[in-house]
Structure formats: structure tokens, C-alpha cells
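*Asks:* Okay, here's the structure, questions in a sec.
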Amino acid sequence: MLGFEEIDQSRVAVVGGKGAHLGELSRIEGIHVPAGYCVTTDAFRRVLADAPSLEDRLDRLSRLAPDDRDAIGTLSAEIRAAVEGIPIPDDLAAEITRPLARLNEQAAYAVRSSATAEDSPTASFAGQHDTYLNVVGPEAILHHIRSCWASLFTERAVTYRLRNGFDHRKVHMAVVVQRMVSPDASGILFTADPVTSNRKVASVEAGFGLGEALVSGLVNADVYKVRDGEIIDKTVAAKQLAIHASPEGGTRRQAIEPESQRQPALTDAQVVALARLGRRIEAHFGRPQDIEWCLVDGGFQIVQSRPITTLFPIPAAGDGADHVYVSVGHQQMMTDPMKPLGLSVWQLTTPRPMSEAGGRLFVDVTEGLASPAGREVLLETLGRSDPLIKDALQTVLDRGDFVPAPPEEGAGWPPAGGAPAPIETDPAIVDELIAGSQASLAAVERDIRSKHGSELFDFILEDLRELRRLLFDPRSLQVIMAAMDATWWLNRQLHTWLGEENAADALTQSVPGNVTSEMGLALLDVADAIRPHPEVVAFLRDVEDEDFLDELPELPGGREARDAIRAYLDKYGMRCVGEIDITRPRWSERPVTLVPVILGNIENVEPGAGRRRFEQGRQEARKKEQELLERLRALPDGERKAEETKSMIDRLRTFAGYREYPKYGKVSRYFVYKRALLEEAGRLVRAGVLRDREDIFYLRFQELHDVVRTGQVDDRLIRRRKEEFGAYQALTPPRVLTSDGEAVAGSYRRQDVPAGALVGLPVSAGNVEGRARVILDMTEADLEADDILVTAYTDPSWSPVFVRVKGLVTEVGGLMTHGAVIAREYGLPAVVGVQDATRLIRDGQRIHVNGTNGYIEILS
């Protein structure tokens with residue numbers, strides 16, 4: 001047993017997270033912690049050693065899926081019952097209760113679980129394990145200690161560990177035994193605002209009596225927001241009851257007199273004093289804290305403090321100045337975290353420095369916001385792409401106290417240079433750009449084969465300069481901007497002249513040369529090649545291994561099927577979900593990823609659908625063009641208007657398809673680099689330097705170069721990076737983030753939508769009703785013809801499933817992001833940027849998507 005005074009943060013493995021934090025709290029000057037001690041994990045391990053039958057059950061528990069609630073409930077109940085039934089040996093019981101003589105054996109105590117994995121920087125385990133209040137007497141304390149041990153296997157704790165990747169055998173349970181206090185008020189103090197994540201704002205929740213009434217949701221709390229020693233927001237709730245300790249043990253509810261229910265639980269001065277204590281605790285632990293407190297005889301007692309694990313990290317600026325950051329992932333349609341190698345390779349590709357936080361990339365736009373000229377360009381550009389980002393930035397600007405004055409006259413963002421010069425409407429320009437990119441890619445594929453060791457890294461760095469030259473070729477930017485300008489001109493002018501909404505959407509169906517839309521149609525051709533061979537189709541239904549292509553030739557028609565799939569992979573195999581991260585597995589590396597999509601095409605799409613669909617879209621675009629031109633000619637000065645419009649339509653259809661090509665070229669090159677780097681990693685594994693080839697994904701590019709050069713690697717760094725990446729996966733990146741840590745949410749501020757509708761950005765015109773299919777993993781996309789795809793985001797890898805749906809809804813996206821472009825080409829009504837769409841729309845509901853006006857109605 002260890003008293004709090006014997007415990008510090010280094011003893012987590014012995015006393016658990018809660019116990020270690022209490023020991024640390026008791027060491028902070030000016031912080032008062034009720035006396036107590038910890039029953040260490042040694043006692044837990046000794047008792048469980050007497051129950052060998054648990055081994056088999058723990059094995060079975062580890063193999064369960066976190067969503068298998070029935071199996072988890074049954075098995076965890078068996079384990080809990082077994083643990084609670086194990087007797088505590090007499091000598092151990094005497095040792096556990098010995099400190100009570102010093103602390104007062106007949107006093108009331110809180111008996112609290114303290115697992116070794118909880119209250120860590122990456123996982124709080126808050127509420128997962130049991131706490132018992134007002135426990136009186138040694139026998140009762142021993143009984144509740146055993147219950148705390150058993151609570152390691154509650155259904156909720158087991159599920160939490162499974163979801164967060166914790167090994168059941170490596171998590172042990174200590175127990176805190178702590179003197180009870182009888183508070184006048186109690187509650188929670190967050191040293192960072194849990195709603196906005198602002199690190200400068202503390203949030204205090206307070207109620208009468210013990211904090212259990214607040215934690216269990218029995219009463220609403222008084223809520224205070226404190227910044228710089230001042231209360232900036234205050235809500236006093238009606239508190240109808242309080243929980244107090246019972247003289248006979250346990251707790252009891254007590255009704256609060258009506259005249260006292262709206263009395264604040266704390267004075268304003270007490271709130272400010274509590275926030276000050278919170279800052280002291282936060283400074284000690286070095287990160288924002290979630291603190292449990294009690295007010296006893298006018299003073300504060302701290303009964304727990306744990307890290308707040310849900311806050312999104314802040315990019316490191318290091319200058320102490322205010323900064324405003326915009327998410328890159330929301331522009332690139334990839335909001336998942338990236339591994340360190342992926343982050344560093346992307347950084348080596350971009351012309352503008354980017355900040356990193358939570359495994360994501362952000363652009364610092366502070367300078368642009370500070371300059372009036374830069375601000376206008378920035379807001380207009382980002383607003384066209386994602387109105388929520390624009391609104392969030394406008395919110396920051398409207399406060400008037402965060403964005404600094406420009407450092408010098410004329411400073412601003414984006415950099416000088418303005419829009420690219422106009423370009424003539426000539427398809428040969430696009431052909432020449434694509435041919436140049438293909439020739440350059442062929443050269444790097446040829447030349448990289450002979451490069452090894454440090455020479456390989458020098459080669460890649462040199463070739464990244466060539467990649468940047470291609471990506472930012474002025475003519476390439478001219479083509480892309482010409483298509484975007486034509487889109488905006490047509491939408492604006494045809495709305496003014498004809499009242500036509502989003503006219504460019506119909507006109508961009510089946511434009512030539514769009515490599516991403518062609519990719520989706522090409523997979524329909526693969527399905528056509530496989531469909532006539534029933535034995536191949538049956539084989540594919542049971543495929544799980546990545547080497548299935550080698551087995552296909554043994555089946556009738558299998559050689560043709562294999563050749564069709566390989567031909568597809570030769571052209572598109574470098575693509576995958578989250579493809580901007582070089583570490584993500586490509587289709588060529590995991591071709592089994594495509595099998596469910598191919599089977600879906602075989603079952604739900606008619607033969608020849610790829611060519612028919614493209615031709616149908618081309619005819620519809622042509623028909624829409626003729627209709628618009630005829631209506632324009634009927635207007636005053638109609639011939640001029642029709643002539644200008646015809647010129648813009650030609651410009652749009654000539655250049656719009658190229659929009660997708662630069663990214664295709666980039667990820668093609670990334671895959672060349674990746675294969676070479678993995679070959680180098682294989683040599684490191686064979687030399688005993690690395691344990692696994694994919695460990696290189698957790699090193700930055702230069703760090704990997706150093707490992708290759710020196711033959712030495714920091715295994716602890718790789719382990720830490722893996723743990724951090726796991727924690728980052730649970731975080732949701734904000735569109736806009738400040739250096740105070742505030743995640744600034746934007747809104748559409750629209751009144752032109754039906755009541756109850758979900759609002760988004762219209763990116764592909766049309767109206768459609770159908771069954772919502774909420775899908776977060778493309779390999780689970782079992783879609784039918786009546787379905788509307790609802791997902792978090794779509795990058796080019798989702799294009800093959802677009803051919804089987806009738807509409808699209810995403811949480812992330814903009815007018816020119818990939819999902820929007822392909823939706824328009826396929827003629828799918830689409831609304832993007834719908835906040836929480838995958839949570840608010842349930843799978844299987846019938847919905848109406850209005851892609852013209854940008855909203856979704858839930859019909860059933």
C-alpha cells in the first residue's frame with residue numbers, strides 16, 4: 001500500500017492513472033487533496049493469479065469485435081463474477097486495511113478504481129470503471145475494492161479497450177481509498193473550454209452537494225466561463241436535488257427547497273479562485289486538465305485531475321503570437337490523420353509551408369487576414385470552395401481582437417502574382433500537358449530502379465523538384481483556372497439572363513479527359529469482362545487474400561478476369577482512400593479492396609453500362625447547351641449573349657476534365673517513391689535495423705534517410721509515433737483552428753431552406769429521392785440503384801462507387817473538390833459540407849437531396 005505522499009507520476013504501473021495523479025496533486029503547493037492511499041496493482045495481480053480459469057476467457061475476449069455487444073456483455077459478466085468471487089487472502093486483507101488505523105478506521109471513504117491505462121494523455125477512460133462513495137468500515141472497504149477490481153471487466157470498459165487498442169492482459173487495476181468530504185458544492189473544472197477547445201477559457205460546472213448528481217445527469221449544472229481572471233459567461237441552472245453522504249454509508253438524494261434552486265452554487269469570486277487553482281494544476285501537468293473539485297468550509301479540495309484527451313492539438317508556432325489556421329484536409333478531401341512519412345513527403349511537395357497538428361496539415365492564414373487586400377482574396381477564394389471555412393474566418397475577424405495588423409504596408413496572402421494569364425481554348429494544350437507529365441513519370445520509373453541507400457533519397461529530393469515544376473506549371477494553372485472561371489461565368493450570367501440555377505453542372509457531364517471519372521467507368525468494363533464467367537464470380541465472393549490474382553487462371557475464364565483486373569491496376573492501381581498520404585495502402589498493394597466494388601457492378605449494372613453512361617451524359621450536356629442557347633437568342637441582344645455563352649461552354653468542356661489530372665500525376669509519382677522506399681526498408685529489416693518494413697511510415701523523410709545512412713533507429717520514437725497516431729485517429733480536425741486552440745465552427749446562415757432540413761453546399765444540380773446508405777469504408781459499399789451515398793468525404797478512390805448511386809451527401813467538400821467534380825460529370829445531385837451528416841442521417845432512411853439549392857430532407 002502506498003500513501004499519496006509516496007506517489008508521483010512515475011508510479012502509474014503500480015497505482016494506476018488516478019492514483020498517480022492524486023499523488024502528484026498532493027505535491028502542488030496550495031492544492032488541498034483529501035487524505036488517502038492506494039491499493040497497488042500487486043494486490044490485483046496476486047488475487048487474479050488464484051483464478052487460472054480467467055486465461056481462456058481473456059483470450060476469447062481479446063478476439064471479439066468492439067461492436068459485438070452481446071458477446072462482450074456475456075463474457076465480461078462471467079469474468080466480473082469470477083473476480084468478485086475470489087476471496088482476498090487474510091494477510092493481504094490485513095495489509096490493505098492497515099492504513100485505516102492511521103486515517104481513522106470508522107471514517108467514511110471513497111473507494112475508486114485506478115486502472116493503469118486510465119487518465120493518460122491519449123485515453124481518459126472517464127466513467128469506464130467503478131467508484132463507490134461513503135464506504136464505512138474495513139469489511140465494506142474490502143468488498144468494494146473487489147468490486148473495483150471486477151469493474152475492469154464491465155461491458156463499457158471492455159468495449160473502450162477494444163476500440164482503443166488496449167490489451168486486456170496489460171491493463172491492471174489499483175484502487176484509491178480516500179477520505180470522504182461533505183461538500184457544500186462540487187463539480188468539474190475544465191482548464192480548456194470543452195465545447196470550443198479554447199485553451200485560454202476555463203469552464204466551471206457546479207452543483208450542490210456531491211458531484212454525483214452532475215455526473216449522472218440528475219441535475220443541470222451552473223456553468224461559468226472564465227478568461228484572464230474574469231467571468232465572461234455565466235448560466236445558473238435550476239438545481240432541484242443534491243446528493244449527500246448517508247450516516248449509515250452510501251449516498252442519498254435530497255430535494256432542494258424551491259427558493260434555493262436558482263441560487264448559484266458558487267460566488268463569482270469563488271469561480272475565479274477555482275479557475276486560478278486550475279491553471280496552477282495545468283501548469284504542473286503541462287497540459288489542459290479535467291479536474292474534480294469540492295467546496296468544503298469555504299475552501300476547495302481537489303479529488304481528481306486527468307488530461308483532457310478530446311482536445312485537438314495546436315500547431316507549434318513558437319513565437320507566442322496569435323495565429324489562425326485553415327485545414328488542408330478539408331480542401332484535399334482527406335481529414336484522417338497522416339503518418340509522419342506521409343506528412344513530410346507532402347510538405348516536400350507543397351510550395352507553401354504548412355503547419356502540423358494531430359497528424360493533419362494546416363495553413364497559417366494570419367498574414368492574409370491581417371491585410372485588407374489579402375483578406376478579400378482569401379475569403380473569396382475559400383468561400384467558393386467551402387462556405388463554412390469562410391464563415392468561421394469571418395467570425396474570428398468580427399471579434400476584432402485576434403488578427404494582428406499587417407506587419408508592413410502591402411503585406412498579405414496569397415503571394416503577389418495574381419491570377420494566371422488567360423489562355424486560348426485549345427485542347428492541344430491539355431494533350432501536351434498530359435504527355436509531358438506521362439513522359440516525366442516514365443523517366444522517374446526507369447531511373448529510380450538503380451538507386452539505393454543515400455543515393456535514393458537524393459534522387460527523390462531532386463525528383464520532387466520536377467514534380468513541383470509539373471504541378472505548378474503556369475500553363476497547368478491557366479487551364480484549371482480557365483475551367484473554374486468558365487464555371488463561375490456560366491452560373492452567374494445564366495442566372496442573371498435566364499434565372500437558371502447552377503447551369504454549369506449539367507454542361508460538365510461527360511467532359512473528355514477526366515481521369516477520375518474515367519476510372520469509375522473503367523471498372524464497369526472490368527465487371528463486363530468477368531460477368532460471363534460464373535465460376536470466377538463465385539470465387540471472388542470468397543476472396544480474402546491479396547494473392548487471389550495468381551489463383552484466377554486456374555478457373556474457366558480466370559485468365560481473362562485476371563488480365564482485366566491487372567490492366568485496370570496498371571492504370572489506376574496507385575490510387576486509394578487517403579491517397580495524399582504516401583503510406584496508405586494502394587489498390588495495387590491490396591487489390592482485394594476492389595473486389596466488392598467489382599461484384600457490386602456485376603450484380604447491379606447492365607453490361608456495356610460504362611460506354612452508355614458516358615454517351616448519355618454527353619448527349620444530356622449537348623441537349624442542355626442547345627436549350628440554353630435557344631432561350632438566350634430569344635432575349636434582347638440575344639445573339640451576342642448566345643455567342644458569349646457558347647464560347648464559355650466550349651472553354652468549360654475543353655478544360656474541365658484536366659482538373660483531376662495533376663493529382664493523378666502526383667499520386668502516381670508518390671507510388672513510385674513508396675515502392676523504392678519499401679525496398680530500402682526491406683534491406684533494413686534483413687539487416688536487423690527495423691522490425692517491420694512499415695515502421696518507416698512513422699519516420700519523417702529525413703529521419704528515414706538518417707536511418708539508412710547510419711544503420712541505427714530509435715525504436716522508442718517509432719513506438720511513441722504509433723501511439724500518437726492511434727490517438728489522432730479518434731480526433732476530428734476543425735476547419736479553422738486558432739493558436740488559442742479554439743476550433744471555430746462556421747455556419748451557412750441561410751433562411752431559404754425547409755424547416756428541419758440539413759444544410760450544405762450545392763455542388764451538382766438536381767433533385768433526387770432515395771435510400772440513404774451511410775458508408776464510411778468504401779469496401780463496405782454494398783450499393784443498389786436507388787441508393788444515395790452519405791459519407792464523411794470522398795476522394796478519387798470513391799469514384800468507382802459513384803456509378804451505382806443516384807445522389808451524394810458528404811460532410812466535407814467544396815465546389816471544386818473531387819467528389820463535386822465527378823458528381824457533376826456523372827449527373828448526380830450532390831450536397832457537400834453537411835456537418836455531422838453521417839450522424840444525423842441514419843442508414844436506410846429515405847431522404848431527398850436538393851443539389852440545386854443545397855439541402856437534404858429526411859423523409860422517413
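Simple scheme: letters A, B, ... for chains in C-alpha cells order, numbers from 1 for residues in each chain, numbers from 1 for ligands in the order shown.
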Which stretch 580-667 of chain A residues have any atom within 9 Å of an atom of stretch 826-834 of chain A, and for each, what is the nearest pair of atoms with distance in Å to one decimal, counting only C-alpha atoms, rows sorted by chain and number, as JSON lines?
*Replies:*
{"residue": "A:Arg613", "atom": "CA", "partner": "A:Tyr826", "partner_atom": "CA", "distance": 8.0}
{"residue": "A:Phe614", "atom": "CA", "partner": "A:Tyr826", "partner_atom": "CA", "distance": 7.9}
{"residue": "A:Gly617", "atom": "CA", "partner": "A:Tyr826", "partner_atom": "CA", "distance": 6.8}
*Asks:* Give the strand (DSSP E) residues of stretch 165-323 of chain A, as DSSP finds them on the backbone, and put them as a PyMOL selection string.
*Replies:* chain A and resi 173-179+185-190+201-208+222-227+230-235+241-245+251-255+289-296+299-307
*Asks:* Would you pick out the contacts of stretch 629-640 of chain A at 12 Å or less, using only C-alpha atoms, so that residues sharing its chain but fewer than 5 positions from it are not included, and give the list as a list in words?
*Replies:*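 Returned residues: Leu490, Gln493, Leu494, His495, Thr496, Trp497, Leu498, Gly499, Glu500, Ala503, Arg622, Lys623, Lys624, Thr645, Lys646, Ser647, Met648 and Ile649 of chain A.
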*Asks:* May I ask which of the residues A:Met519, A:Ile28, A:Leu840, A:Ala77 is the closest one to A:Trp798, counting only C-alpha atoms?
*Replies:*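 When distances to A:Trp798 are compared using only C-alpha atoms, the smallest one comes from A:Met519.
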*Asks:* Give the alpha helix (DSSP H) residues of stretch 248-491 of chain A, as assigned by DSSP on the backbone, as a ChimeraX atom specification.
*Replies:* /A:268-285,329-332,340-349,366-370,372-385,387-399,427-447,454-471,474-491
*Asks:* Residues within 12 Å of A:Asp545, please, as an mmCIF file with N, CA and C atoms, in the first residue's frame. Count only C-alpha atoms; anything in the same chain fewer than 5 positions from it doesn't count.
*Replies:*
data_model
loop_
_atom_site.group_PDB
_atom_site.id
_atom_site.type_symbol
_atom_site.label_atom_id
_atom_site.label_comp_id
_atom_site.auth_asym_id
_atom_site.auth_seq_id
_atom_site.Cartn_x
_atom_site.Cartn_y
_atom_site.Cartn_z
ATOM 1 N N PHE A 539 -15.853 -17.435 -57.082
ATOM 2 C CA PHE A 539 -14.550 -17.398 -56.422
ATOM 3 C C PHE A 539 -14.311 -16.036 -55.765
ATOM 4 N N LEU A 540 -14.631 -14.967 -56.487
ATOM 5 C CA LEU A 540 -14.388 -13.625 -55.961
ATOM 6 C C LEU A 540 -15.228 -13.332 -54.723
ATOM 7 N N ASP A 550 -3.257 -14.477 -58.628
ATOM 8 C CA ASP A 550 -2.438 -15.599 -59.088
ATOM 9 C C ASP A 550 -3.243 -16.896 -59.188
ATOM 10 N N GLU A 551 -4.351 -16.969 -58.452
ATOM 11 C CA GLU A 551 -5.165 -18.190 -58.455
ATOM 12 C C GLU A 551 -6.214 -18.181 -59.564
ATOM 13 N N GLU A 589 -1.350 -2.671 -54.115
ATOM 14 C CA GLU A 589 -0.833 -3.418 -52.967
ATOM 15 C C GLU A 589 -1.920 -4.265 -52.320
ATOM 16 N N ARG A 590 -3.147 -3.814 -52.394
ATOM 17 C CA ARG A 590 -4.281 -4.543 -51.823
ATOM 18 C C ARG A 590 -5.428 -4.598 -52.823
ATOM 19 N N PRO A 591 -5.254 -5.356 -53.897
ATOM 20 C CA PRO A 591 -6.313 -5.396 -54.925
ATOM 21 C C PRO A 591 -7.630 -5.956 -54.414
ATOM 22 N N VAL A 592 -7.599 -6.687 -53.303
ATOM 23 C CA VAL A 592 -8.847 -7.230 -52.756
ATOM 24 C C VAL A 592 -9.817 -6.105 -52.389
ATOM 25 N N THR A 593 -9.290 -4.898 -52.187
ATOM 26 C CA THR A 593 -10.141 -3.739 -51.885
ATOM 27 C C THR A 593 -11.177 -3.510 -52.985
ATOM 28 N N VAL A 595 -12.525 -5.788 -54.989
ATOM 29 C CA VAL A 595 -13.403 -6.918 -55.284
ATOM 30 C C VAL A 595 -14.869 -6.631 -54.958
#
*Asks:* What is the distance, in Å and to one decimal place, between atom CA of A:Gly682 and atom CA of A:Ser797?
*Replies:*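 For atom CA of A:Gly682 relative to atom CA of A:Ser797, the distance reads 27.6 Å.
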*Asks:* Find the nearest atom pair between each residue of stretch 649-687 of chain A and stretch 445-469 of chain A for residues within 9 Å, count only C-alpha atoms, give distances in Å to one decimal, sort rows by chain and ascending number, and present the table as a tab-separated table.
*Replies:*
residue	atom	partner	partner_atom	distance
A:Gly665	CA	A:Leu467	CA	8.5
A:Lys666	CA	A:Leu467	CA	7.1
A:Arg669	CA	A:Leu467	CA	8.0
A:Val672	CA	A:Glu445	CA	6.4
A:Tyr673	CA	A:Ile460	CA	7.0
A:Ala676	CA	A:Ile448	CA	7.4
A:Leu677	CA	A:Leu456	CA	8.2
A:Glu679	CA	A:His452	CA	8.9
A:Glu680	CA	A:His452	CA	7.0
*Asks:* Mind writing the picked residues with all heavy atoms as a short mmCIF file (atom, residue, chain, number, x, y, z; two decimals), in the first residue's frame?
*Replies:*
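What ended up in selection_37.cif:
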data_model
loop_
_atom_site.label_atom_id
_atom_site.label_comp_id
_atom_site.auth_asym_id
_atom_site.auth_seq_id
_atom_site.Cartn_x
_atom_site.Cartn_y
_atom_site.Cartn_z
N GLY A 665 -1.21 12.60 -61.48
CA GLY A 665 0.23 12.56 -61.71
C GLY A 665 1.02 12.54 -60.42
O GLY A 665 2.03 11.84 -60.29
N LYS A 666 0.54 13.29 -59.42
CA LYS A 666 1.24 13.35 -58.14
C LYS A 666 1.21 12.00 -57.43
O LYS A 666 2.24 11.50 -56.98
CB LYS A 666 0.61 14.42 -57.25
CG LYS A 666 1.27 14.55 -55.88
CD LYS A 666 0.45 15.39 -54.92
CE LYS A 666 0.36 16.81 -55.36
NZ LYS A 666 -0.32 17.67 -54.35
N ARG A 669 3.41 9.40 -58.97
CA ARG A 669 4.82 9.57 -58.59
C ARG A 669 5.05 9.12 -57.15
O ARG A 669 6.06 8.49 -56.84
CB ARG A 669 5.21 11.04 -58.74
CG ARG A 669 6.48 11.26 -59.54
CD ARG A 669 6.70 12.72 -59.80
NE ARG A 669 7.89 12.92 -60.59
CZ ARG A 669 7.92 13.02 -61.91
NH1 ARG A 669 6.79 12.90 -62.59
NH2 ARG A 669 9.06 13.21 -62.55
N VAL A 672 5.63 5.49 -57.00
CA VAL A 672 6.98 5.12 -57.43
C VAL A 672 7.96 5.29 -56.26
O VAL A 672 8.79 4.41 -55.98
CB VAL A 672 7.42 5.98 -58.63
CG1 VAL A 672 8.88 5.70 -58.99
CG2 VAL A 672 6.53 5.71 -59.83
N TYR A 673 7.86 6.42 -55.57
CA TYR A 673 8.73 6.65 -54.41
C TYR A 673 8.49 5.60 -53.34
O TYR A 673 9.44 5.07 -52.74
CB TYR A 673 8.46 8.02 -53.79
CG TYR A 673 8.62 9.22 -54.68
CD1 TYR A 673 7.97 10.42 -54.36
CD2 TYR A 673 9.41 9.20 -55.82
CE1 TYR A 673 8.10 11.55 -55.14
CE2 TYR A 673 9.54 10.34 -56.63
CZ TYR A 673 8.88 11.50 -56.28
OH TYR A 673 9.01 12.61 -57.06
N ALA A 676 10.08 2.19 -53.92
CA ALA A 676 11.53 2.23 -53.74
C ALA A 676 11.90 2.31 -52.26
O ALA A 676 12.84 1.65 -51.80
CB ALA A 676 12.11 3.42 -54.51
N LEU A 677 11.15 3.12 -51.50
CA LEU A 677 11.44 3.25 -50.07
C LEU A 677 11.15 1.96 -49.32
O LEU A 677 11.87 1.60 -48.38
CB LEU A 677 10.62 4.41 -49.49
CG LEU A 677 11.03 5.82 -49.95
CD1 LEU A 677 10.03 6.85 -49.47
CD2 LEU A 677 12.43 6.16 -49.47
N GLU A 679 11.42 -1.04 -50.60
CA GLU A 679 12.54 -1.94 -50.90
C GLU A 679 13.72 -1.64 -49.99
O GLU A 679 14.39 -2.55 -49.48
CB GLU A 679 12.95 -1.79 -52.37
CG GLU A 679 11.99 -2.44 -53.35
CD GLU A 679 12.50 -2.32 -54.78
OE1 GLU A 679 13.71 -2.05 -54.96
OE2 GLU A 679 11.68 -2.48 -55.70
N GLU A 680 13.99 -0.35 -49.76
CA GLU A 680 15.06 0.05 -48.85
C GLU A 680 14.74 -0.42 -47.43
O GLU A 680 15.63 -0.89 -46.70
CB GLU A 680 15.22 1.57 -48.89
CG GLU A 680 16.57 2.08 -48.46
CD GLU A 680 17.69 1.64 -49.39
OE1 GLU A 680 17.47 1.57 -50.63
OE2 GLU A 680 18.78 1.34 -48.88
#
*Asks:* Name all residues at most 10 Å from stretch 97-111 of chain A (count only C-alpha atoms; drop same-chain ones fewer than 3 positions away) and give them as JSON, numbers by chain.
*Replies:* {"A": [1, 2, 3, 34, 35, 36, 37, 38, 39, 92, 93, 94, 114, 130, 131, 132, 133, 134, 135, 136, 137, 138, 139, 140, 141, 142, 143, 144, 145, 147, 148, 175, 176, 177, 178, 179, 180, 181, 182, 245, 246, 247, 248, 249, 250]}
*Asks:* Give me, please, the distance in Å between atom CA of A:Val15 and atom CA of A:Tyr728, quoted to one decimal.
*Replies:* 26.6 Å
